[in-house]
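Colleague: Below you will find the structure I want to go over with you.
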Amino acid sequence: MITLRPAAERGHTSTSWLDSRHSFSFGEYFDQTHMGFRVLRVINDDRVAAGGGFPTHGHADMEILSYVLQGGLAHRDSMGTGSVIRPGDVQRMSAGTGVRHSEQNASREEPVHFLQIWITPERRGLPPGYEQKRYEPETKRGRLCLVGSNDGRDGSVTIHQDVSLYATVLGPGERVEHRLGQERCAWIQVAAGTAELDGRPLAEGDGAAIVSQGAVSLTGTGQGAELLVFDLA
């Protein structure tokens, strides 16, 4: 069964420097019917204006992934780590027992567009941790590239939860198929562009929950698409 989450129905936060769309309840946006999907708790589609950003704030007991689509996101945290995350990079921060961090647009001239993803960890009280890896466009072109997993296999970042996260970039007419194991489900998120999910049209920002289905196919349409596939218990 496929349940669509249209982009236009997401929650919305707007400030002088932030335009954020929420697939699930977040902050002042509350929707009892969209509190998350399995262990997937947050997908925020954030656009931060030049010079803007999130000041230092705290998190605990959450796996936080940042996936940049345009521009650069400067990260600094209380573990002493920091970097600029750019398109092709995947960053994982395990908040665990507690961490403080900031996220700023790395540019004074251009906006940054990124997805921030929160996943409930396998247990509370994990040590805080940080990891960032790069995946060149050709590794995602026309195939499902594993970028996150619970065991760090195939060069993916390590997520402390039973999740496999794939990224794909599909040109017009390019198709990939993902098979789900027994008692597995999936969430599809369109990061950019347009695609079809088993023949159903998807636009940028759309999401879809997949349950009780053995396999799903994704096909790029229009100018193509960039998508994330979360394989979940």
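Chain lettering (A, B, ...) mirrors the order of the structure tokens, residue numbering begins at 1 for each chain separately, and ligand numbering begins at 1 in order of display.
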Can you build me a table of region 86-136 of chain A residues sitting at most 12 Å from region 203-227 of chain A, with the closest atom pair per residue and its distance in Å to one decimal, using only C-alpha atoms, sorted by chain and residue number, as JSON lines?
Modeller:
{"residue": "A:Pro87", "atom": "CA", "partner": "A:Glu226", "partner_atom": "CA", "distance": 11.5}
{"residue": "A:Gly88", "atom": "CA", "partner": "A:Glu226", "partner_atom": "CA", "distance": 11.2}
{"residue": "A:Phe114", "atom": "CA", "partner": "A:Gly205", "partner_atom": "CA", "distance": 11.6}
{"residue": "A:Leu115", "atom": "CA", "partner": "A:Gly205", "partner_atom": "CA", "distance": 10.1}
Colleague: Could those selected residues go to a file with C-alpha atoms, as a compact mmCIF listing (two decimals), in the first residue's frame?
Modeller:
# COMPACT_ATOMS: atom_id res chain seq x y z
CA PRO A 87 25.74 18.87 -2.21
CA GLY A 88 26.88 15.25 -2.28
CA PHE A 114 18.98 21.16 2.67
CA LEU A 115 16.98 18.35 4.21
Colleague: Among chain A, which ones does DSSP place in strand (DSSP E), written as JSON, numbers by chain?
Modeller: {"A": [2, 3, 4, 5, 11, 12, 13, 14, 18, 19, 20, 21, 22, 40, 41, 42, 43, 44, 45, 46, 47, 48, 53, 54, 55, 56, 57, 58, 59, 63, 64, 65, 66, 67, 68, 69, 70, 73, 74, 75, 76, 77, 82, 83, 84, 85, 89, 90, 91, 92, 93, 94, 99, 100, 101, 102, 103, 104, 105, 112, 113, 114, 115, 116, 117, 118, 119, 129, 130, 131, 132, 133, 134, 145, 146, 147, 148, 149, 157, 158, 163, 164, 165, 166, 167, 168, 169, 170, 175, 176, 177, 178, 179, 185, 186, 187, 188, 189, 190, 191, 192, 193, 194, 195, 196, 197, 200, 201, 202, 207, 208, 209, 210, 215, 216, 217, 218, 219, 220, 221, 222, 223, 224, 225, 226, 227, 228, 229, 230, 231, 232]}
Colleague: Restricting the calculation to only C-alpha atoms: of A:Cys185, A:Val163, A:Leu144, A:Met35, which residue gets closest to Leu228 (chain A)?
Modeller: A:Leu144
Colleague: Apply DSSP to the backbone of this structure and, from region 1-200 of chain A, keep only the residues in alpha helix (DSSP H); write these as a ChimeraX atom specification.
Modeller: /A:137-140
Colleague: Have a look at A:Asp45, A:Glu28, A:Glu131, A:Asp61 and name the one nearest to Gly98 (chain A); count only C-alpha atoms.
Modeller: A:Asp61
Colleague: If you measure from CA of Gly52 (chain A) to CA of Tyr130 (chain A), what distance in Å do you get, rounded to one decimal?
Modeller: 23.0 Å
Colleague: Can you pull out the residues contacting region 62-67 of chain A? Cut-off 7 Å, using only C-alpha atoms, and skip same-chain residues under 5 positions away; I want them as a list in words.
Modeller: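 Returned residues: Asp89, Val90, Gln91, Arg92, Met93, Ser94, Ala95, Gly96, Phe114, Leu115, Gln116, Ile117, Trp118, Ile119, Thr120, Pro121 and Ile159 of chain A.
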Colleague: One decimal, Å: what's the distance from CA of Ser25 (chain A) over to CA of Ala191 (chain A), could you say?
Modeller: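 According to the coordinates, CA of Ser25 (chain A) and CA of Ala191 (chain A) are separated by 18.6 Å.
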